[in-house]
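Raw contents of run_8.pdb, PDB, C-alpha atoms:
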```
ATOM      1  CA  MET T   1       8.472 -12.679   3.658  1.00  0.00           C
ATOM      2  CA  GLU T   2       6.354 -14.629   1.210  1.00  0.00           C
ATOM      3  CA  ASN T   3       3.869 -13.029  -1.175  1.00  0.00           C
ATOM      4  CA  ARG T   4       0.823 -14.199   0.787  1.00  0.00           C
ATOM      5  CA  ASN T   5       2.073 -12.481   3.957  1.00  0.00           C
ATOM      6  CA  LEU T   6       2.913  -9.339   2.006  1.00  0.00           C
ATOM      7  CA  LEU T   7      -0.579  -9.273   0.489  1.00  0.00           C
ATOM      8  CA  THR T   8      -2.128  -9.738   3.930  1.00  0.00           C
ATOM      9  CA  LYS T   9      -0.136  -6.815   5.320  1.00  0.00           C
ATOM     10  CA  ILE T  10      -0.972  -4.666   2.295  1.00  0.00           C
ATOM     11  CA  SER T  11      -4.678  -5.438   2.727  1.00  0.00           C
ATOM     12  CA  ALA T  12      -4.595  -4.611   6.434  1.00  0.00           C
ATOM     13  CA  LEU T  13      -2.793  -1.303   5.867  1.00  0.00           C
ATOM     14  CA  THR T  14      -5.124  -0.394   3.025  1.00  0.00           C
ATOM     15  CA  ARG T  15      -8.165  -1.035   5.243  1.00  0.00           C
ATOM     16  CA  GLU T  16      -6.645   1.044   8.044  1.00  0.00           C
ATOM     17  CA  ILE T  17      -5.952   3.913   5.670  1.00  0.00           C
ATOM     18  CA  GLU T  18      -9.443   3.631   4.171  1.00  0.00           C
ATOM     19  CA  THR T  19     -11.221   3.739   7.528  1.00  0.00           C
ATOM     20  CA  LYS T  20      -9.016   6.096   9.527  1.00  0.00           C
ATOM     21  CA  TYR T  21      -7.521   8.327   6.829  1.00  0.00           C
ATOM     22  CA  PRO T  22     -10.025   8.596   3.951  1.00  0.00           C
ATOM     23  CA  GLU T  23      -8.305  11.752   2.673  1.00  0.00           C
ATOM     24  CA  VAL T  24      -5.181   9.638   2.050  1.00  0.00           C
ATOM     25  CA  TYR T  25      -7.091   6.613   0.760  1.00  0.00           C
ATOM     26  CA  GLU T  26      -8.540   8.537  -2.171  1.00  0.00           C
ATOM     27  CA  HIS T  27      -4.977   9.007  -3.494  1.00  0.00           C
ATOM     28  CA  LEU T  28      -3.905   5.358  -3.345  1.00  0.00           C
ATOM     29  CA  GLY T  29      -4.837   4.816  -6.972  1.00  0.00           C
ATOM     30  CA  GLU T  30      -2.260   7.423  -7.944  1.00  0.00           C
ATOM     31  CA  ILE T  31       0.713   5.504  -6.555  1.00  0.00           C
ATOM     32  CA  PRO T  32       2.867   4.447  -9.549  1.00  0.00           C
ATOM     33  CA  GLN T  33       3.355   0.923  -8.173  1.00  0.00           C
ATOM     34  CA  THR T  34      -0.359   0.248  -8.614  1.00  0.00           C
ATOM     35  CA  ILE T  35      -0.462   1.077 -12.322  1.00  0.00           C
ATOM     36  CA  PRO T  36       0.696  -1.942 -14.350  1.00  0.00           C
ATOM     37  CA  ASP T  37       2.353  -1.268 -17.682  1.00  0.00           C
ATOM     38  CA  VAL T  38       1.342  -4.607 -19.198  1.00  0.00           C
ATOM     39  CA  GLU T  39      -2.013  -6.278 -19.758  1.00  0.00           C
ATOM     40  CA  ASN T  40      -1.502  -9.295 -17.438  1.00  0.00           C
ATOM     41  CA  PRO T  41       1.215  -8.298 -14.991  1.00  0.00           C
ATOM     42  CA  GLU T  42       2.990 -10.767 -12.750  1.00  0.00           C
ATOM     43  CA  VAL T  43       3.719  -9.241  -9.392  1.00  0.00           C
ATOM     44  CA  GLU T  44       7.130  -9.950  -7.974  1.00  0.00           C
ATOM     45  CA  LYS T  45       7.965 -10.113  -4.280  1.00  0.00           C
ATOM     46  CA  LYS T  46      10.130  -6.973  -4.497  1.00  0.00           C
ATOM     47  CA  GLU T  47       7.256  -5.010  -6.035  1.00  0.00           C
ATOM     48  CA  LEU T  48       4.962  -6.069  -3.198  1.00  0.00           C
ATOM     49  CA  GLU T  49       7.609  -5.085  -0.659  1.00  0.00           C
ATOM     50  CA  ASN T  50       8.018  -1.692  -2.319  1.00  0.00           C
ATOM     51  CA  TYR T  51       4.266  -1.119  -2.330  1.00  0.00           C
ATOM     52  CA  LEU T  52       3.989  -2.154   1.324  1.00  0.00           C
ATOM     53  CA  ASN T  53       6.784   0.274   2.188  1.00  0.00           C
ATOM     54  CA  SER T  54       5.031   3.084   0.324  1.00  0.00           C
ATOM     55  CA  LEU T  55       1.789   2.383   2.216  1.00  0.00           C
ATOM     56  CA  GLU T  56       3.646   2.372   5.531  1.00  0.00           C
ATOM     57  CA  THR T  57       5.269   5.700   4.653  1.00  0.00           C
ATOM     58  CA  MET T  58       1.924   7.223   3.677  1.00  0.00           C
ATOM     59  CA  LEU T  59       0.344   6.005   6.907  1.00  0.00           C
ATOM     60  CA  GLU T  60       3.149   7.418   9.040  1.00  0.00           C
ATOM     61  CA  LYS T  61       2.881  10.800   7.298  1.00  0.00           C
ATOM     62  CA  ALA T  62      -0.886  10.828   7.795  1.00  0.00           C
ATOM     63  CA  LYS T  63      -0.487  10.071  11.488  1.00  0.00           C
ATOM     64  CA  LYS T  64       2.079  12.865  11.910  1.00  0.00           C
ATOM     65  CA  ASN T  65      -0.154  15.341  10.100  1.00  0.00           C
ATOM     66  CA  LEU T  66      -3.018  14.652  12.504  1.00  0.00           C
ATOM     67  CA  LYS T  67      -0.933  15.483  15.572  1.00  0.00           C
TER      68      LYS T  67
END
```
Structure encoded using structure tokens:
Amino acid sequence: MENRNLLTKISALTREIETKYPEVYEHLGEIPQTIPDVENPEVEKKELENYLNSLETMLEKAKKNLK
């Protein structure tokens, strides 16, 4: 999957979490993948995939906790 598609999926999941699971959304800034360790980071495809996977995992856990 190319970076543009990954970013689109990340944006969609982030919006879903923000609107449907605000208690989870407030912790997104704490995910280590979102904290760059350099001033002008270049984001690699694998990093985007890892972040997307972490968002998907968080969303699944949130959905299970609401049941």
Contacts of Lys9 (chain T) at 10 Å or less, counting all atoms listed in the file, minus same-chain residues fewer than 3 places along, as a compact mmCIF listing (two decimals) with C-alpha atoms, in the frame of the given file?
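Produced file part-v1.txt, reproduced below:
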```txt
# COMPACT_ATOMS: atom_id res chain seq x y z
CA ASN T 3 3.87 -13.03 -1.18
CA ARG T 4 0.82 -14.20 0.79
CA ASN T 5 2.07 -12.48 3.96
CA LEU T 6 2.91 -9.34 2.01
CA ALA T 12 -4.60 -4.61 6.43
CA LEU T 13 -2.79 -1.30 5.87
CA THR T 14 -5.12 -0.39 3.02
CA ARG T 15 -8.16 -1.03 5.24
CA LEU T 48 4.96 -6.07 -3.20
CA GLU T 49 7.61 -5.08 -0.66
CA LEU T 52 3.99 -2.15 1.32
CA LEU T 55 1.79 2.38 2.22
CA GLU T 56 3.65 2.37 5.53
```
### Message
So the first atom is CA of Glu26 (chain T) and the second is CA of Ala62 (chain T); what is the distance between them in Å, to one decimal place?
### Response
12.8 Å
### Task
Would you mind listing what lies within 12 Å of Leu66 (chain T) as a ChimeraX atom specification, with only C-alpha atoms counted and same-chain residues fewer than 2 positions away left out?
/T:20-21,23-24,59-64
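Counting from CA of Met58 (chain T), the distance to CA of Glu18 (chain T) is 11.9 Å.
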#### Entry: Shortest interatomic distance to Thr57 (chain T) - which of T:Ser11, T:Glu2, T:Ile17, T:Glu44, counting only C-alpha atoms
T:Ile17
### Query
How far is it from CA of Leu7 (chain T) to CA of Val43 (chain T), in Å with one decimal?
10.8 Å
